[in-house]
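Taking it in order: structure first as structure tokens, then the write-up.
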Amino acid sequence: MDLVLQLLFTGIGIGAVYALVALGFVLIFRATNVVNFAQGEFSMVAAFLMVVFAVDLEWPYWLSFLIAIGGMALLGALFNLGVYYPLRHRTYLPVIISTIGASIFLANSTLALYGPQPQVLSPVFETQGFLVGPVFLDSQYLLIIAVTAVLVAFQYWFFEHTLIGKKLQATSQDKEMAALLGIPVAGMIMLTFVYSAVLGGIAGILVAPVLFVSIQMGATIALKAFAATIIGGFGDVTGAIIGGLALGIIETFGAAYVSVPYKDAFAFIVLVAFLVLRPQGLFGERIAEKA
Amino acid sequence: MTGSPLPQAGVAAPASPAPRRLPVGSLIYAALSACAVFVAVSTPLNGYLLNILMQAATYAIAVIGLTVVLGLCGQINLAQAAFFGIGAYAVGLGTVDLGVNFWICLAAGLAAALVMGAFLGASTLRLGGHYLAMVTISFQQILTLVLVNWIPVTHGPDGVPRIQRPALFTDGQVYLGLCLAVLAVVAWVVWHMPRTRLGRAMRAVRDNELAAGVTGIDVYRTKVTAFAIGALLAGLGGGLFAGGFTYVSPDQFAFAESIVFLTMALLGGVGSPAGAVIGTGLLILIPEWLRFLKEIPGLYLAIYGLAVILIVVFMPEGIWGFLGDQVKRLRPRRPAPPRAGDLVLTQSAASAGPVLEVEALSKHFGGLKAVDEVSFTVTRGGIHALIGPNGSGKTTTLNVLSGLYKPTAGRVRLDGRDITHLPPHARAAAGLGRTFQNIRLFRSMSALENVVIGAERPGNEFAGADRATLQARARAALAFVGLEARAEEPVSAFSYGHQRLIEIARALAGNPSLLLLDEPAAGLNTSEKGALTGLLRRVAAKGVTILIIDHDMTLVSDVANHITVLNFGRRIADGVTATVLREPAVIEAYLGQDSAEPGAGRRDPGLRTDLHPA
């Protein structure tokens, strides 16, 4: 029982990271109708920026964090301009391929610049964590869960209670109509990419002390986050969060009770199971294309 | 509707039967391929060059697999290296650990790749392309995990050394000759694929899935088939690769290699096996010339990634597509071929039962009852109109009838047969043809090819399987709408009104027993509308029953002999045209009540509406 609680805590912690990246997926998907296959690389690049500034240059943690987040915002903007914007009038297939190209480019140029050695980023807090009853609450996991909760609350407030959030929603629902109402659609999409990159970046920085900072972390996280969005139902924000948490828990228990080397395979199995049995996800509703 | 074909071909014979053309191109190709194989076998090659050529030949086969799945069918596959690996490991493990004959191992590898491809495709292809992309990436990652970790079977990261080549092909250069010969055959087959029935179906699915479905193509099966063929070709390339290099290890089949395959296909041109060969050749040679790039890990893949973006943005058709465009521009247009025959359509017997019976049909979207227990019967022959103000449920009804939406309740019978639960392509096979309000043509094809796909409707008793009959029928259908002279032009070259006519010709070529027309007059100018009226009368005179939806009351009252009126999803009138149009309820629905309720939430009156929601 103690082990179960411990695993549950770890699962929720890692699931929160998947949920953050999944949120980035969902936001971009809603704004552009395209899945950004480089979403995981945002996390990877942010983690490497932290390694460069906080570890290599030994700058203060908070300053490195601000730089990394600023870097992600810039990357999101450049990504929109270089990868999505030129293809915005084409079908989804070229855009998918383009984001895959970007993913390969980001991962491998990081590899070329930094080398293949996995890096270590130390946790934010000095204290490792504390025991509550039989469960050891790791401070980094607590931080991940807290930050995720805050970001989700912020996002809810932002989309539902600010004008710019409403404009973003309008853009994602009907671009032509939004443009006719005077909403700067291109600007809204730009904002979506910037925000998603920042979100992915925060996820990467949060998870970096738990995992190694490596070139592969982007692809791994992206796959998990994608599975999370499928579980939750594509295009659904609540679904992405619950899907992320569910996947984190499934994966942690799978690794503990079934197999460690195949830990990363559980996401795939869950993914295919959902595709076959319940493709609309837990919360989503499939919308037929209009004839 | 699947009765035996009529004795005569059904299409008035073209002026003279075309003499069987000698396949000059294929003969020249065979001769050139034989030369290439001969040169590969006989010219002394050093080991380095031999390896490069071996890699290029086997990779090209896998890249041609992408031509099929991505180029022809428009479905992404990011696990081509995994399928390549399945073929390679089948040969490696089979010949080394089990001591089985090379050819049997190769066949087993092909079977494994085909089955895995079909399974992956079958589980995902009902959904959008994003799912397929992610599932193939996942599959790719899983396969790598298994190859690395399942050491007792796969030998783990060390890989499988000393793989056997088959007898007669143990010499490296002879084996290269074998790979080239296989490549030549694969390229020939895929080159001709677009003009086969399966190939046309794939291209139709790529261009417009909805339209493909209602012209009788089983969209899902076509996609799974394309995906499985792509996987099969990757397995074939991989099996030959294992024999060529006599050593395989997991890193040769990792995700990065799938990206390399994809880049090769995109660079050369994903639409043609020629592009696949060009792309493969270039991307194997260039890194060899730029070997220094490989000294920094990641650099050359980073360049690949960048190349993918640049190609997609600036050269979407790839090198081969770019060259092809230049050639097309230089080549003079061929003179118009001989005049088409008359379009033959099934004469409906007046005595036969109704064509379409709709019983208490409902379609609800959540709480909205878009169609609410609507019943009507379309009798054989003549033109039946379904009218109603905006939002009255007309198009929803049409979409339920053609199988794009599943009905919430009710029943639909076509020619007495219950089609309520059939998918769109099966309804097409049962005799239903349709057009769309917002035109849905296969945009990459010529007018003729569009109509040929219509003529291929399963169950069309007037179209034989051979190309000449199909083309003759398609030409006849185009001639019927007056566009035969421009048959070879791409559909994008036609005006909006003419595209609509092509869509009608596509439906007519399939000889439907019922033709559904969704607002055919929308967006047409007055003279085009006049022509449309004439065309609809000629179609009806040929004996095809038409169910038409339109806002244009002039058109409807001119052509329809029977009208069903919907309002707020319910049927409010049904009967002979003149009677229905005098019905007070109908007039009220269209014009609103006599100023009794000013501004009562009704929609804008529709009698003169040529305007309609886009």
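Quick note on naming: the chains in the structure tokens go A, B, ... in the order shown, residues restart at 1 in each chain, and ligands are numbered from 1 in order of appearance.
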
Quiz item: Could you write out as a ChimeraX atom specification the residues of chain A within 9 Å of chain B, counting only C-alpha atoms?
Solution: /A:34-35,37,82-83,86-87,92-113,115-116,223,226-227,230,261-262,264-265,267-268,271-273,275-276,279,288-291

Handout entry: Selection near Leu515 (chain B), 9 Å with only C-alpha atoms, sequence-local residues under 4 positions removed, as a ChimeraX atom specification
Key = /B:431-435,504,507-508,511,544-548

File dump, residues just selected, N, CA and C atoms, as a compact mmCIF listing (two decimals), in the first residue's frame:
# COMPACT_ATOMS: atom_id res chain seq x y z
N GLY B 431 -26.14 2.53 -56.11
CA GLY B 431 -26.77 3.31 -57.18
C GLY B 431 -26.99 4.78 -56.85
N LEU B 432 -26.35 5.28 -55.80
CA LEU B 432 -26.56 6.67 -55.41
C LEU B 432 -25.40 7.52 -55.94
N GLY B 433 -25.71 8.60 -56.64
CA GLY B 433 -24.68 9.53 -57.06
C GLY B 433 -24.97 10.87 -56.43
N ARG B 434 -23.94 11.70 -56.20
CA ARG B 434 -24.25 13.03 -55.65
C ARG B 434 -23.20 14.06 -56.05
N THR B 435 -23.61 15.32 -55.94
CA THR B 435 -22.66 16.43 -56.07
C THR B 435 -22.70 17.21 -54.77
N ILE B 504 -21.10 17.10 -61.97
CA ILE B 504 -22.31 16.42 -62.43
C ILE B 504 -21.95 15.30 -63.40
N ALA B 507 -20.75 12.29 -61.59
CA ALA B 507 -21.83 11.49 -61.02
C ALA B 507 -22.58 10.73 -62.12
N LEU B 508 -22.82 11.40 -63.25
CA LEU B 508 -23.58 10.76 -64.33
C LEU B 508 -22.84 9.59 -64.95
N ASN B 511 -23.64 6.23 -63.88
CA ASN B 511 -24.99 5.74 -64.15
C ASN B 511 -25.78 5.47 -62.87
N VAL B 544 -32.73 9.35 -65.72
CA VAL B 544 -32.16 9.32 -64.38
C VAL B 544 -33.07 10.11 -63.44
N THR B 545 -33.35 9.56 -62.29
CA THR B 545 -34.15 10.27 -61.30
C THR B 545 -33.25 11.23 -60.53
N ILE B 546 -33.74 12.46 -60.31
CA ILE B 546 -32.92 13.46 -59.64
C ILE B 546 -33.63 13.91 -58.37
N LEU B 547 -32.85 14.01 -57.29
CA LEU B 547 -33.34 14.68 -56.07
C LEU B 547 -32.48 15.92 -55.91
N ILE B 548 -33.11 17.09 -56.01
CA ILE B 548 -32.34 18.33 -56.03
C ILE B 548 -32.70 19.20 -54.83

Selection: 12 Å around Asp158 (chain B), only C-alpha atoms, excl. self and same-chain fewer than 5 positions, as a PyMOL selection string: chain B and resi 147-153+247-252

Mind dumping the selected residues with N, CA and C atoms as a compact mmCIF listing (two decimals), in the first residue's frame?
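result.txt was written with the following content:
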# COMPACT_ATOMS: atom_id res chain seq x y z
N LEU B 147 14.35 -4.14 -30.39
CA LEU B 147 15.59 -4.62 -31.00
C LEU B 147 16.76 -4.50 -30.03
N VAL B 148 16.77 -3.43 -29.24
CA VAL B 148 17.89 -3.23 -28.32
C VAL B 148 17.76 -4.11 -27.08
N ASN B 149 16.54 -4.27 -26.56
CA ASN B 149 16.37 -4.89 -25.25
C ASN B 149 16.06 -6.39 -25.27
N TRP B 150 15.52 -6.89 -26.33
CA TRP B 150 15.14 -8.31 -26.37
C TRP B 150 16.34 -9.13 -26.84
N ILE B 151 17.37 -9.11 -26.01
CA ILE B 151 18.67 -9.62 -26.43
C ILE B 151 18.65 -11.09 -26.84
N PRO B 152 17.95 -11.99 -26.10
CA PRO B 152 17.99 -13.41 -26.49
C PRO B 152 17.56 -13.64 -27.93
N VAL B 153 16.70 -12.83 -28.44
CA VAL B 153 16.22 -13.05 -29.81
C VAL B 153 16.95 -12.15 -30.81
N TYR B 247 25.27 -7.60 -42.27
CA TYR B 247 25.28 -7.26 -40.85
C TYR B 247 24.18 -6.25 -40.59
N VAL B 248 23.39 -6.48 -39.55
CA VAL B 248 22.37 -5.48 -39.18
C VAL B 248 22.46 -5.19 -37.69
N SER B 249 22.15 -3.96 -37.30
CA SER B 249 22.10 -3.59 -35.89
C SER B 249 20.98 -2.56 -35.69
N PRO B 250 20.48 -2.42 -34.46
CA PRO B 250 19.28 -1.58 -34.23
C PRO B 250 19.43 -0.15 -34.73
N ASP B 251 20.61 0.44 -34.59
CA ASP B 251 20.73 1.87 -34.93
C ASP B 251 20.53 2.13 -36.42
N GLN B 252 20.65 1.07 -37.25
CA GLN B 252 20.40 1.28 -38.68
C GLN B 252 18.92 1.49 -39.00

* Compare A:Phe42, A:Phe29, A:Trp59, A:Trp157 by their minimum atom-to-atom distance to Ala77 (chain A), counting only C-alpha atoms, and give me the closest one. =>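 The shortest atom-to-atom distance to Ala77 (chain A) comes from A:Phe42.
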
Surrounding residues of region 560-575 of chain B excluding itself and chain neighbours under 4 positions, 9 Å, only C-alpha atoms, as a compact mmCIF listing (two decimals) with C-alpha atoms, in the first residue's frame:
# COMPACT_ATOMS: atom_id res chain seq x y z
CA SER B 362 -34.06 12.04 -37.90
CA LYS B 363 -30.65 13.55 -37.36
CA LYS B 369 -33.03 18.41 -34.22
CA ALA B 370 -31.61 19.27 -37.62
CA VAL B 371 -33.84 16.69 -39.29
CA ASP B 372 -36.88 15.54 -37.38
CA GLU B 373 -38.89 12.53 -38.52
CA VAL B 374 -38.91 13.45 -42.16
CA SER B 375 -40.58 11.06 -44.59
CA PHE B 376 -40.89 11.30 -48.35
CA VAL B 378 -38.99 9.79 -54.66
CA GLY B 382 -38.41 12.97 -63.14
CA ILE B 383 -37.02 15.56 -60.78
CA HIS B 384 -37.89 15.75 -57.12
CA ALA B 385 -36.93 18.93 -55.22
CA LEU B 386 -36.25 19.26 -51.52
CA ILE B 387 -36.63 22.88 -50.51
CA GLY B 388 -36.86 24.96 -47.39
CA PRO B 389 -35.46 28.13 -45.85
CA ASN B 390 -31.90 28.31 -44.58
CA GLY B 391 -31.30 25.96 -41.68
CA SER B 392 -34.33 23.85 -42.48
CA GLY B 393 -32.28 20.65 -42.67
CA LYS B 394 -31.98 20.12 -46.42
CA THR B 397 -30.90 15.32 -45.05
CA ILE B 546 -32.92 13.46 -59.64
CA LEU B 547 -33.34 14.68 -56.07
CA ILE B 548 -32.34 18.33 -56.03
CA LEU B 555 -34.95 26.76 -61.18
CA VAL B 556 -36.91 24.51 -58.83
CA THR B 579 -49.85 22.55 -55.55
CA VAL B 580 -47.01 22.77 -53.06
CA LEU B 581 -46.01 26.25 -54.12
CA GLU B 583 -49.60 25.89 -49.97
CA ALA B 585 -47.62 26.91 -44.90
CA VAL B 586 -44.92 26.97 -47.58
CA ALA B 589 -42.13 29.55 -44.24

Within 7 Å of region 192-194 of chain A using only C-alpha atoms, minus same-chain residues under 2 positions, as a list of chain:residue names | A:Leu27, A:Ile28, A:Ala73, A:Gly76, A:Ala77, A:Asn80, A:Met188, A:Ile189, A:Met190, A:Ser196, A:Ala197, A:Val198

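Excluding region 93-110 of chain B itself and any same-chain residue fewer than 6 positions from it, the protein and nucleic acid residues within 6 Å of it, counting only C-alpha atoms, are Gly87, Ile163, Gln164, Pro166, Leu232, Gly235, Leu236 and Gly239 of chain B.
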
Could you turn the residues from that selection into a file that holds C-alpha atoms, as a short mmCIF file (atom, residue, chain, number, x, y, z; two decimals), in the first residue's frame?
data_model
loop_
_atom_site.label_atom_id
_atom_site.label_comp_id
_atom_site.auth_asym_id
_atom_site.auth_seq_id
_atom_site.Cartn_x
_atom_site.Cartn_y
_atom_site.Cartn_z
CA GLY B 87 12.60 -7.08 -43.35
CA ILE B 163 24.19 -12.84 -42.70
CA GLN B 164 23.97 -15.30 -45.59
CA PRO B 166 21.37 -16.66 -51.36
CA LEU B 232 5.80 -4.18 -47.76
CA GLY B 235 10.40 -4.75 -45.81
CA LEU B 236 11.62 -5.78 -49.26
CA GLY B 239 15.58 -7.74 -46.52
#
